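Participant: PDB, C-alpha atoms, saved as upload_6.pdb, coming up:
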```
ATOM      1  CA  MET A   7      13.844 268.980 161.894
ATOM      2  CA  ARG A   8      16.800 270.350 159.949
ATOM      3  CA  ILE A   9      19.072 267.722 158.405
ATOM      4  CA  SER A  10      22.659 268.727 157.685
ATOM      5  CA  ARG A  11      24.101 268.164 154.235
ATOM      6  CA  ARG A  12      26.512 265.624 155.686
ATOM      7  CA  GLY A  13      23.669 263.807 157.381
ATOM      8  CA  PHE A  14      21.611 263.873 154.215
ATOM      9  CA  VAL A  15      24.383 262.451 152.031
ATOM     10  CA  GLY A  16      25.348 259.928 154.693
ATOM     11  CA  GLY A  17      21.795 258.698 154.855
ATOM     12  CA  LEU A  18      21.482 258.097 151.145
ATOM     13  CA  GLY A  19      21.784 254.537 149.975
ATOM     14  CA  ALA A  20      24.142 253.622 147.152
ATOM     15  CA  ALA A  21      21.276 253.382 144.662
ATOM     16  CA  THR A  22      19.945 256.781 145.672
ATOM     17  CA  ILE A  23      23.361 258.373 145.326
ATOM     18  CA  ALA A  24      23.800 256.797 141.905
ATOM     19  CA  ALA A  25      20.478 258.242 140.835
ATOM     20  CA  ALA A  26      21.252 261.654 142.280
ATOM     21  CA  PHE A  27      24.584 262.158 140.544
ATOM     22  CA  PRO A  28      25.683 261.507 136.954
ATOM     23  CA  LEU A  29      27.545 258.232 136.534
ATOM     24  CA  ARG A  30      30.600 259.922 135.082
ATOM     25  CA  ALA A  31      30.721 262.293 138.037
ATOM     26  CA  LEU A  32      30.964 259.287 140.344
ATOM     27  CA  ALA A  33      33.701 257.750 138.178
ATOM     28  CA  ALA A  34      35.569 261.056 138.093
ATOM     29  CA  GLY A  35      35.818 260.916 141.861
ATOM     30  CA  ALA A  36      37.300 257.408 141.824
ATOM     31  CA  LYS A  37      40.742 256.808 143.287
ATOM     32  CA  PHE A  38      41.904 254.868 140.229
ATOM     33  CA  LYS A  39      41.591 255.268 136.476
ATOM     34  CA  ILE A  40      38.734 252.828 135.969
ATOM     35  CA  GLY A  41      38.403 251.491 132.438
ATOM     36  CA  VAL A  42      37.538 248.567 130.187
ATOM     37  CA  ILE A  43      39.322 246.766 127.356
ATOM     38  CA  SER A  44      36.997 247.804 124.554
ATOM     39  CA  ASP A  45      36.928 244.562 122.559
ATOM     40  CA  GLU A  46      35.726 242.661 125.642
ATOM     41  CA  ILE A  47      32.437 244.465 124.877
ATOM     42  CA  SER A  48      32.377 244.627 121.084
ATOM     43  CA  GLN A  49      34.587 244.837 118.016
ATOM     44  CA  ASP A  50      32.408 247.800 117.006
ATOM     45  CA  PHE A  51      34.576 250.453 118.610
ATOM     46  CA  ASP A  52      31.914 253.154 118.579
ATOM     47  CA  HIS A  53      29.418 250.885 120.331
ATOM     48  CA  ALA A  54      31.991 249.671 122.865
ATOM     49  CA  CYS A  55      32.933 253.245 123.736
ATOM     50  CA  SER A  56      29.283 254.236 124.051
ATOM     51  CA  VAL A  57      28.757 251.451 126.590
ATOM     52  CA  ILE A  58      31.889 252.430 128.526
ATOM     53  CA  ALA A  59      31.076 256.134 128.626
ATOM     54  CA  ASN A  60      27.288 256.296 128.665
ATOM     55  CA  ASP A  61      26.222 253.057 130.334
ATOM     56  CA  PHE A  62      29.158 252.415 132.674
ATOM     57  CA  GLY A  63      29.896 256.096 133.243
ATOM     58  CA  LEU A  64      33.661 255.680 132.839
ATOM     59  CA  HIS A  65      36.387 257.848 131.362
ATOM     60  CA  TYR A  66      39.051 255.327 130.364
ATOM     61  CA  VAL A  67      39.552 252.628 127.754
ATOM     62  CA  GLU A  68      42.300 250.147 126.929
ATOM     63  CA  LEU A  69      42.954 249.541 123.230
ATOM     64  CA  ARG A  70      43.719 246.050 121.901
ATOM     65  CA  GLU A  71      41.417 245.252 118.978
ATOM     66  CA  ILE A  72      39.128 247.532 116.985
ATOM     67  CA  TYR A  73      36.837 246.611 114.116
ATOM     68  CA  GLY A  74      37.998 242.989 114.202
ATOM     69  CA  LYS A  75      41.732 243.599 114.008
ATOM     70  CA  ASN A  76      44.578 244.060 116.437
ATOM     71  CA  LEU A  77      45.845 247.632 116.402
ATOM     72  CA  GLN A  78      49.053 246.306 114.849
ATOM     73  CA  GLN A  79      47.070 245.463 111.717
ATOM     74  CA  SER A  80      44.543 248.303 111.762
ATOM     75  CA  SER A  81      44.317 250.501 108.700
ATOM     76  CA  GLU A  82      44.985 254.213 108.802
ATOM     77  CA  ASP A  83      41.275 254.810 108.210
ATOM     78  CA  ASP A  84      40.306 252.671 111.220
ATOM     79  CA  LEU A  85      42.885 254.331 113.464
ATOM     80  CA  ALA A  86      41.642 257.774 112.422
ATOM     81  CA  LYS A  87      38.070 256.668 113.025
ATOM     82  CA  ALA A  88      39.062 255.428 116.494
ATOM     83  CA  GLU A  89      40.519 258.844 117.323
ATOM     84  CA  GLN A  90      37.208 260.460 116.376
ATOM     85  CA  VAL A  91      35.258 257.969 118.499
ATOM     86  CA  LEU A  92      37.470 258.620 121.540
ATOM     87  CA  ALA A  93      36.895 262.356 121.169
ATOM     88  CA  LYS A  94      33.156 261.822 120.705
ATOM     89  CA  TYR A  95      32.830 259.967 124.018
ATOM     90  CA  LYS A  96      35.551 261.931 125.837
ATOM     91  CA  LEU A  97      37.516 258.782 126.631
ATOM     92  CA  THR A  98      41.205 258.635 127.547
ATOM     93  CA  VAL A  99      43.396 255.691 126.535
ATOM     94  CA  THR A 100      45.192 254.070 129.473
ATOM     95  CA  ASP A 101      47.540 251.900 127.435
ATOM     96  CA  ILE A 102      48.086 249.983 124.223
ATOM     97  CA  GLY A 103      47.259 246.291 124.733
ATOM     98  CA  SER A 104      50.099 245.064 122.552
ATOM     99  CA  PRO A 105      50.835 241.372 121.826
ATOM    100  CA  LEU A 106      54.563 242.083 122.250
ATOM    101  CA  PHE A 107      56.593 238.929 123.017
ATOM    102  CA  LYS A 108      53.673 236.526 122.923
ATOM    103  CA  VAL A 109      55.845 234.242 120.783
ATOM    104  CA  ASN A 110      58.212 231.328 121.329
ATOM    105  CA  PHE A 111      61.635 232.276 122.633
ATOM    106  CA  PRO A 112      64.303 231.386 120.036
ATOM    107  CA  GLY A 113      66.358 228.315 120.837
ATOM    108  CA  ALA A 114      63.972 227.126 123.531
ATOM    109  CA  PRO A 115      61.738 224.051 123.187
ATOM    110  CA  HIS A 116      58.493 224.817 121.398
ATOM    111  CA  SER A 117      55.957 225.832 124.042
ATOM    112  CA  GLN A 118      52.802 223.800 124.492
ATOM    113  CA  TYR A 119      51.021 227.121 125.018
ATOM    114  CA  ALA A 120      52.057 228.644 121.696
ATOM    115  CA  SER A 121      49.086 229.794 119.677
ATOM    116  CA  LYS A 122      48.523 227.977 116.411
ATOM    117  CA  GLU A 123      47.018 231.161 115.078
ATOM    118  CA  ASP A 124      48.119 234.746 115.562
ATOM    119  CA  LEU A 125      46.786 235.766 118.959
ATOM    120  CA  HIS A 126      44.499 238.818 118.775
ATOM    121  CA  GLY A 127      45.083 238.890 115.012
ATOM    122  CA  ALA A 128      48.641 240.206 115.234
ATOM    123  CA  ASP A 129      51.361 238.920 112.888
ATOM    124  CA  GLU A 130      53.796 237.967 115.625
ATOM    125  CA  ALA A 131      54.733 234.364 114.879
ATOM    126  CA  ASN A 132      58.357 235.185 114.200
ATOM    127  CA  TYR A 133      60.536 236.377 117.056
ATOM    128  CA  LYS A 134      62.470 238.608 114.688
ATOM    129  CA  GLN A 135      59.336 240.633 114.049
ATOM    130  CA  GLN A 136      59.044 241.680 117.694
ATOM    131  CA  ASP A 137      61.242 244.733 117.193
ATOM    132  CA  GLU A 138      58.717 245.880 114.586
ATOM    133  CA  VAL A 139      55.851 245.125 116.997
ATOM    134  CA  LEU A 140      57.585 247.238 119.649
ATOM    135  CA  ASP A 141      58.175 250.133 117.258
ATOM    136  CA  LYS A 142      54.564 250.032 116.118
ATOM    137  CA  SER A 143      53.329 249.858 119.715
ATOM    138  CA  ILE A 144      55.345 252.921 120.685
ATOM    139  CA  GLU A 145      53.993 254.744 117.638
ATOM    140  CA  LEU A 146      50.441 253.798 118.627
ATOM    141  CA  ALA A 147      51.001 254.898 122.221
ATOM    142  CA  LYS A 148      52.089 258.330 121.042
ATOM    143  CA  ARG A 149      49.207 258.572 118.621
ATOM    144  CA  PHE A 150      46.621 257.724 121.270
ATOM    145  CA  LYS A 151      48.313 259.881 123.924
ATOM    146  CA  THR A 152      49.263 257.208 126.424
ATOM    147  CA  ASN A 153      52.642 256.420 127.949
ATOM    148  CA  LYS A 154      52.118 252.673 128.484
ATOM    149  CA  VAL A 155      52.397 249.591 126.285
ATOM    150  CA  ARG A 156      51.440 246.134 127.573
ATOM    151  CA  CYS A 157      53.859 243.268 126.888
ATOM    152  CA  PHE A 158      54.553 239.631 127.846
ATOM    153  CA  ASP A 159      57.660 237.489 128.268
ATOM    154  CA  PHE A 160      57.213 234.699 125.701
ATOM    155  CA  TRP A 161      55.165 231.509 125.654
ATOM    156  CA  ARG A 162      55.728 229.407 128.753
ATOM    157  CA  ILE A 163      58.705 227.025 128.750
ATOM    158  CA  ASP A 164      58.576 223.956 131.002
ATOM    159  CA  ASP A 165      62.064 224.748 132.303
ATOM    160  CA  VAL A 166      62.725 228.435 131.780
ATOM    161  CA  LYS A 167      65.892 228.627 133.891
ATOM    162  CA  PRO A 168      68.365 228.151 130.981
ATOM    163  CA  TYR A 169      66.674 231.007 129.097
ATOM    164  CA  ARG A 170      65.649 233.369 131.889
ATOM    165  CA  ALA A 171      68.725 235.601 131.716
ATOM    166  CA  ALA A 172      68.355 236.041 127.951
ATOM    167  CA  ILE A 173      64.625 236.776 128.279
ATOM    168  CA  ASN A 174      65.365 239.351 130.964
ATOM    169  CA  ALA A 175      67.992 240.950 128.730
ATOM    170  CA  LYS A 176      65.465 241.278 125.915
ATOM    171  CA  LEU A 177      62.921 242.821 128.279
ATOM    172  CA  TYR A 178      65.554 245.247 129.579
ATOM    173  CA  ASP A 179      66.682 246.363 126.123
ATOM    174  CA  SER A 180      63.090 246.803 124.942
ATOM    175  CA  ALA A 181      62.113 248.773 128.044
ATOM    176  CA  GLU A 182      65.113 251.055 127.713
ATOM    177  CA  LYS A 183      64.312 251.658 124.041
ATOM    178  CA  SER A 184      60.722 252.492 124.978
ATOM    179  CA  GLY A 185      61.744 254.695 127.871
ATOM    180  CA  LYS A 186      63.893 256.862 125.632
ATOM    181  CA  GLN A 187      60.686 257.697 123.759
ATOM    182  CA  GLY A 188      58.641 258.400 126.864
ATOM    183  CA  VAL A 189      56.856 255.045 126.954
ATOM    184  CA  MET A 190      56.793 252.461 129.764
ATOM    185  CA  LEU A 191      56.381 248.743 129.143
ATOM    186  CA  VAL A 192      53.938 247.067 131.540
ATOM    187  CA  LEU A 193      54.605 243.331 131.714
ATOM    188  CA  GLU A 194      51.426 241.326 132.205
ATOM    189  CA  ASN A 195      51.651 238.209 134.324
ATOM    190  CA  GLU A 196      49.964 235.882 131.830
ATOM    191  CA  PHE A 197      49.120 232.280 132.727
ATOM    192  CA  ALA A 198      50.434 230.944 129.385
ATOM    193  CA  CYS A 199      53.711 232.882 129.535
ATOM    194  CA  ASN A 200      56.889 232.597 131.596
ATOM    195  CA  THR A 201      55.801 235.235 134.101
ATOM    196  CA  ALA A 202      52.388 234.014 135.199
ATOM    197  CA  THR A 203      52.058 234.473 138.968
ATOM    198  CA  GLY A 204      52.751 237.141 141.548
ATOM    199  CA  ARG A 205      55.791 235.255 142.775
ATOM    200  CA  GLU A 206      57.151 234.860 139.245
ATOM    201  CA  ALA A 207      56.477 238.538 138.545
ATOM    202  CA  ALA A 208      58.492 239.545 141.616
ATOM    203  CA  ALA A 209      61.417 237.434 140.387
ATOM    204  CA  THR A 210      61.236 238.822 136.847
ATOM    205  CA  LEU A 211      61.128 242.421 138.019
ATOM    206  CA  ALA A 212      64.087 241.753 140.305
ATOM    207  CA  GLY A 213      65.990 240.468 137.289
ATOM    208  CA  VAL A 214      65.116 243.400 135.016
ATOM    209  CA  LYS A 215      66.310 246.600 136.633
ATOM    210  CA  SER A 216      65.006 249.028 134.019
ATOM    211  CA  LYS A 217      62.802 251.743 135.498
ATOM    212  CA  TYR A 218      60.855 251.604 132.242
ATOM    213  CA  LEU A 219      59.598 248.054 132.867
ATOM    214  CA  ALA A 220      56.645 247.885 135.249
ATOM    215  CA  LEU A 221      54.028 245.262 136.083
ATOM    216  CA  ASN A 222      50.528 244.889 134.717
ATOM    217  CA  TRP A 223      49.203 243.026 137.782
ATOM    218  CA  ASP A 224      46.571 240.445 136.889
ATOM    219  CA  PRO A 225      45.690 238.305 139.913
ATOM    220  CA  GLY A 226      43.069 236.424 137.875
ATOM    221  CA  ASN A 227      45.793 235.181 135.535
ATOM    222  CA  ALA A 228      47.861 234.128 138.538
ATOM    223  CA  VAL A 229      44.954 232.062 139.849
ATOM    224  CA  MET A 230      44.577 230.450 136.425
ATOM    225  CA  ARG A 231      48.252 229.381 136.637
ATOM    226  CA  GLY A 232      47.573 227.779 140.049
ATOM    227  CA  GLU A 233      48.521 230.581 142.440
ATOM    228  CA  LEU A 234      45.207 230.361 144.272
ATOM    229  CA  ASP A 235      46.446 232.834 146.891
ATOM    230  CA  ALA A 236      47.363 235.416 144.241
ATOM    231  CA  PHE A 237      45.759 237.890 146.600
ATOM    232  CA  PRO A 238      47.137 238.294 149.147
ATOM    233  CA  GLY A 239      49.984 235.753 148.788
ATOM    234  CA  GLY A 240      51.297 236.699 145.353
ATOM    235  CA  TRP A 241      50.523 240.361 145.933
ATOM    236  CA  ASP A 242      52.526 240.470 149.155
ATOM    237  CA  VAL A 243      55.845 239.673 147.444
ATOM    238  CA  LEU A 244      55.460 242.208 144.617
ATOM    239  CA  PRO A 245      57.557 245.403 144.532
ATOM    240  CA  LYS A 246      54.662 247.827 144.910
ATOM    241  CA  ASP A 247      56.472 250.780 143.351
ATOM    242  CA  ARG A 248      56.682 248.882 140.056
ATOM    243  CA  ILE A 249      52.964 248.161 139.657
ATOM    244  CA  HIS A 250      51.619 250.601 137.070
ATOM    245  CA  HIS A 251      48.660 248.801 135.509
ATOM    246  CA  CYS A 252      46.031 246.298 136.642
ATOM    247  CA  HIS A 253      43.597 243.952 134.889
ATOM    248  CA  VAL A 254      40.412 242.944 136.676
ATOM    249  CA  LYS A 255      38.857 239.504 136.247
ATOM    250  CA  ASN A 256      38.214 236.464 138.433
ATOM    251  CA  ALA A 257      38.302 232.675 138.428
ATOM    252  CA  VAL A 258      36.764 229.772 140.328
ATOM    253  CA  LYS A 259      36.905 225.971 140.429
ATOM    254  CA  ASP A 260      34.036 224.356 138.554
ATOM    255  CA  ALA A 261      32.234 221.164 139.593
ATOM    256  CA  ALA A 262      34.979 219.081 137.970
ATOM    257  CA  GLY A 263      37.712 220.931 139.868
ATOM    258  CA  LYS A 264      38.944 222.852 136.834
ATOM    259  CA  THR A 265      39.848 226.524 137.203
ATOM    260  CA  VAL A 266      37.561 228.611 134.987
ATOM    261  CA  TRP A 267      36.824 232.314 134.520
ATOM    262  CA  SER A 268      34.028 233.891 136.543
ATOM    263  CA  PRO A 269      32.334 237.284 137.073
ATOM    264  CA  VAL A 270      34.507 239.773 138.965
ATOM    265  CA  ASP A 271      32.615 239.535 142.256
ATOM    266  CA  ILE A 272      32.753 235.720 142.333
ATOM    267  CA  GLY A 273      35.971 233.766 142.704
ATOM    268  CA  TYR A 274      39.304 233.436 144.431
ATOM    269  CA  ILE A 275      40.168 237.144 144.216
ATOM    270  CA  ASP A 276      38.564 239.334 146.860
ATOM    271  CA  TRP A 277      38.517 242.416 144.684
ATOM    272  CA  ALA A 278      37.247 244.744 147.406
ATOM    273  CA  ALA A 279      40.315 243.804 149.460
ATOM    274  CA  GLN A 280      42.583 244.046 146.408
ATOM    275  CA  PHE A 281      41.270 247.522 145.596
ATOM    276  CA  LYS A 282      41.869 248.575 149.213
ATOM    277  CA  ALA A 283      45.405 247.204 149.005
ATOM    278  CA  LEU A 284      46.029 249.184 145.805
ATOM    279  CA  GLU A 285      44.743 252.302 147.515
ATOM    280  CA  GLY A 286      47.016 251.538 150.453
ATOM    281  CA  ILE A 287      50.132 251.769 148.300
ATOM    282  CA  GLY A 288      48.983 255.054 146.753
ATOM    283  CA  TYR A 289      48.180 253.439 143.422
ATOM    284  CA  SER A 290      46.545 255.836 140.948
ATOM    285  CA  ASP A 291      46.996 254.102 137.594
ATOM    286  CA  ALA A 292      44.413 252.098 135.661
ATOM    287  CA  VAL A 293      42.274 249.211 136.881
ATOM    288  CA  ASN A 294      40.759 247.865 133.668
ATOM    289  CA  LEU A 295      38.043 245.263 133.328
ATOM    290  CA  GLU A 296      39.143 242.321 131.164
ATOM    291  CA  THR A 297      36.053 240.142 131.411
ATOM    292  CA  HIS A 298      37.186 236.836 129.808
ATOM    293  CA  TRP A 299      34.252 235.042 131.496
ATOM    294  CA  LYS A 300      31.433 234.172 129.091
ATOM    295  CA  ASP A 301      27.798 233.969 130.151
ATOM    296  CA  GLY A 302      26.712 232.075 127.048
ATOM    297  CA  ASN A 303      25.057 235.099 125.482
ATOM    298  CA  SER A 304      27.459 237.731 124.190
ATOM    299  CA  PRO A 305      30.714 239.491 125.146
ATOM    300  CA  GLU A 306      28.725 242.632 125.942
ATOM    301  CA  SER A 307      26.292 240.771 128.182
ATOM    302  CA  SER A 308      29.174 239.081 130.014
ATOM    303  CA  THR A 309      31.007 242.375 130.447
ATOM    304  CA  ARG A 310      27.893 244.124 131.752
ATOM    305  CA  THR A 311      27.548 241.441 134.444
ATOM    306  CA  SER A 312      31.232 241.620 135.325
ATOM    307  CA  TRP A 313      31.157 245.427 135.418
ATOM    308  CA  ALA A 314      28.240 245.308 137.870
ATOM    309  CA  GLY A 315      30.317 243.048 140.124
ATOM    310  CA  MET A 316      33.436 245.174 139.726
ATOM    311  CA  LYS A 317      31.531 248.353 140.557
ATOM    312  CA  LYS A 318      30.095 246.691 143.654
ATOM    313  CA  ARG A 319      33.588 245.766 144.852
ATOM    314  CA  LEU A 320      34.915 249.273 144.115
ATOM    315  CA  VAL A 321      32.132 250.772 146.214
ATOM    316  CA  GLU A 322      32.788 248.289 149.021
ATOM    317  CA  ALA A 323      36.448 249.288 148.949
ATOM    318  CA  GLY A 324      35.547 252.994 149.096
ATOM    319  CA  ALA A 325      37.376 253.480 145.793
ATOM    320  CA  MET A 326      34.364 254.766 143.831
TER     321      MET A 326
END
```
Mind converting the file's structure to structure tokens?
Facilitator:
Amino acid sequence: MRISRRGFVGGLGAATIAAAFPLRALAAGAKFKIGVISDEISQDFDHACSVIANDFGLHYVELREIYGKNLQQSSEDDLAKAEQVLAKYKLTVTDIGSPLFKVNFPGAPHSQYASKEDLHGADEANYKQQDEVLDKSIELAKRFKTNKVRCFDFWRIDDVKPYRAAINAKLYDSAEKSGKQGVMLVLENEFACNTATGREAAATLAGVKSKYLALNWDPGNAVMRGELDAFPGGWDVLPKDRIHHCHVKNAVKDAAGKTVWSPVDIGYIDWAAQFKALEGIGYSDAVNLETHWKDGNSPESSTRTSWAGMKKRLVEAGAM
């Protein structure tokens, strides 16, 4: 009996297909730019990139920390070494994971969420230094050939209303400055910052009209802030044309009722449905794994488990 090529391929199971084709070939056919934040695997940038490229079969990486330091503090030697590593593994940088505006807003009450230490190792404690952080982030974006820089909108204030207009003005001015240099700011909805949920992100974007400010959609962060229906509830109110980056992680309630991080395929976010929804709006930017969940062993072990769950949900969604 003669079996057609279509029939043959259609009859192959997922495991058989994975064995038949190189991993990176499968990733190349994905509908999104699928990547990983490298330091969620290891501070050894070469090793992290080897895992991403050779073990996960991916083509994209998000840069935040390398060799134990935030990019803002990295030496010229380490940055040059990172360029060589990226070329070695043929990886493309999706964005610079900057700590921009993860500080207290001046004049506002001191936030209970403010870090007592510099988050991600960046020297960002003083609001006045944020212009320098932005300039450095733009410089890094150009160096690593990406047009996106991740940012936040200041540590969360209990009552942000008196300061919202001024925060929006700062976001607008920074986005316009970036845009003039060919760089887009992607605002992450961060559970410890003033824009934490899908609904808050929609309001912030409505208040900042710059075409150079987009959203880094992170439904896991929204769940951590209490928006348990981040997908689809928070997602539904977002301006879809302003979503240009996405972080992938998940969260659940533990036995004590506390919201905690979890592997990607376990938790409040139905990532197969979220990936389908992204595809439905014609999304083609990055979906980057940001593990956060810890399995008690190592960051790499945790990320390997989360990547397995993420890959499963991508396949279910027909996105990979």
Participant: Would you mind listing what lies within 12 Å of Lys134 in chain A as an MDAnalysis selection string, with all atoms listed in the file counted and same-chain residues fewer than 5 positions away left out?
Facilitator: chainID A and resid 106:107 109:112 129 139:140 176
Participant: Could you pull the residues within 8 Å of Ala220 in chain A, counting all atoms listed in the file, minus those fewer than 3 positions along the same chain, as a PyMOL selection string?
Facilitator: chain A and resi 190-193+211+217+248-250
Participant: Can you work out which one of A:Asn222, A:Ser304, A:Asn174, A:Asn60 has the shortest atom-to-atom distance to Leu97 in chain A, counting all atoms listed in the file?
Facilitator: A:Asn60
Participant: For each of A:Tyr289, A:Phe51, A:Trp223, A:Phe197, take the minimum atom-to-atom distance to Arg70 in chain A, counting only C-alpha atoms, then give the residue where this is smallest.
Facilitator: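 Under the stated criterion, the closest residue is A:Phe51.
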Participant: Could you tell me which residues the PyMOL selection byres ((chain A and resi 160-171) around 12) returns for this structure, as JSON, numbers by chain?
Facilitator: {"A": [105, 106, 107, 108, 109, 110, 111, 112, 113, 114, 115, 116, 117, 118, 119, 120, 121, 122, 125, 130, 131, 132, 133, 136, 157, 158, 159, 172, 173, 174, 175, 176, 177, 178, 193, 194, 195, 196, 197, 198, 199, 200, 201, 202, 203, 206, 209, 210, 211, 212, 213, 214, 231]}
Participant: If the PyMOL selection byres ((chain A and resi 68) around 12) were run on this exact file, what residues would it hold? Put them as a PyMOL selection string.
Facilitator: chain A and resi 39-47+51+54-55+58+64-67+69-72+77+92+97-104+147+150-152+154-156+251-253+292-296
Participant: I need the output of the PyMOL selection byres ((chain A and resi 225) around 9) for this file as a list in words; which residues are they?
Facilitator: Asn195, Thr203, Gly204, Trp223, Asp224, Gly226, Asn227, Ala228, Val229, Met230, Glu233, Asp235, Ala236, Phe237, Gly240, Trp241, Cys252, His253, Val254, Lys255, Asn256 and Ile275 of chain A
Participant: Take every atom of range 205-221 of chain A listed in the file, fit an axis-aligned box around them, add 5 Å per side, and give the centre and edge lengths in Å to one decimal as lines of an AutoDock Vina configuration file.
Facilitator:
```
center_x = 60.2
center_y = 243.3
center_z = 137.5
size_x = 22.3
size_y = 26.9
size_z = 20.5
```
Participant: Mind rebuilding range 140-160 of chain A with N, CA and C atoms and writing that out as a tab-separated table (two decimals), in the coordinates of the input?
Facilitator:
```tsv
chain	number	residue	atom	x	y	z
A	140	LEU	N	57.28	246.23	118.64
A	140	LEU	CA	57.58	247.24	119.65
A	140	LEU	C	57.54	248.64	119.05
A	141	ASP	N	58.17	248.81	117.90
A	141	ASP	CA	58.18	250.13	117.26
A	141	ASP	C	56.75	250.59	116.96
A	142	LYS	N	55.95	249.69	116.44
A	142	LYS	CA	54.56	250.03	116.12
A	142	LYS	C	53.78	250.35	117.38
A	143	SER	N	54.03	249.63	118.46
A	143	SER	CA	53.33	249.86	119.72
A	143	SER	C	53.67	251.23	120.30
A	144	ILE	N	54.92	251.60	120.21
A	144	ILE	CA	55.34	252.92	120.68
A	144	ILE	C	54.68	254.01	119.85
A	145	GLU	N	54.65	253.79	118.55
A	145	GLU	CA	53.99	254.74	117.64
A	145	GLU	C	52.51	254.89	117.99
A	146	LEU	N	51.86	253.77	118.26
A	146	LEU	CA	50.44	253.80	118.63
A	146	LEU	C	50.22	254.50	119.97
A	147	ALA	N	51.12	254.25	120.91
A	147	ALA	CA	51.00	254.90	122.22
A	147	ALA	C	51.05	256.42	122.07
A	148	LYS	N	51.98	256.88	121.27
A	148	LYS	CA	52.09	258.33	121.04
A	148	LYS	C	50.85	258.87	120.34
A	149	ARG	N	50.38	258.12	119.38
A	149	ARG	CA	49.21	258.57	118.62
A	149	ARG	C	47.98	258.70	119.52
A	150	PHE	N	47.80	257.72	120.41
A	150	PHE	CA	46.62	257.72	121.27
A	150	PHE	C	46.89	258.33	122.65
A	151	LYS	N	48.01	259.04	122.75
A	151	LYS	CA	48.31	259.88	123.92
A	151	LYS	C	48.34	259.09	125.24
A	152	THR	N	49.02	257.96	125.20
A	152	THR	CA	49.26	257.21	126.42
A	152	THR	C	50.76	256.94	126.54
A	153	ASN	N	51.21	256.68	127.75
A	153	ASN	CA	52.64	256.42	127.95
A	153	ASN	C	52.91	254.97	128.35
A	154	LYS	N	51.94	254.07	128.09
A	154	LYS	CA	52.12	252.67	128.48
A	154	LYS	C	51.78	251.72	127.34
A	155	VAL	N	52.61	250.69	127.23
A	155	VAL	CA	52.40	249.59	126.28
A	155	VAL	C	52.47	248.28	127.05
A	156	ARG	N	51.45	247.44	126.90
A	156	ARG	CA	51.44	246.13	127.57
A	156	ARG	C	52.32	245.16	126.80
A	157	CYS	N	53.04	244.29	127.53
A	157	CYS	CA	53.86	243.27	126.89
A	157	CYS	C	53.81	241.98	127.70
A	158	PHE	N	54.47	240.92	127.18
A	158	PHE	CA	54.55	239.63	127.85
A	158	PHE	C	56.02	239.19	127.88
A	159	ASP	N	56.27	237.96	128.31
A	159	ASP	CA	57.66	237.49	128.27
A	159	ASP	C	57.75	236.07	127.69
A	160	PHE	N	57.10	235.89	126.53
A	160	PHE	CA	57.21	234.70	125.70
A	160	PHE	C	56.38	233.52	126.25
```
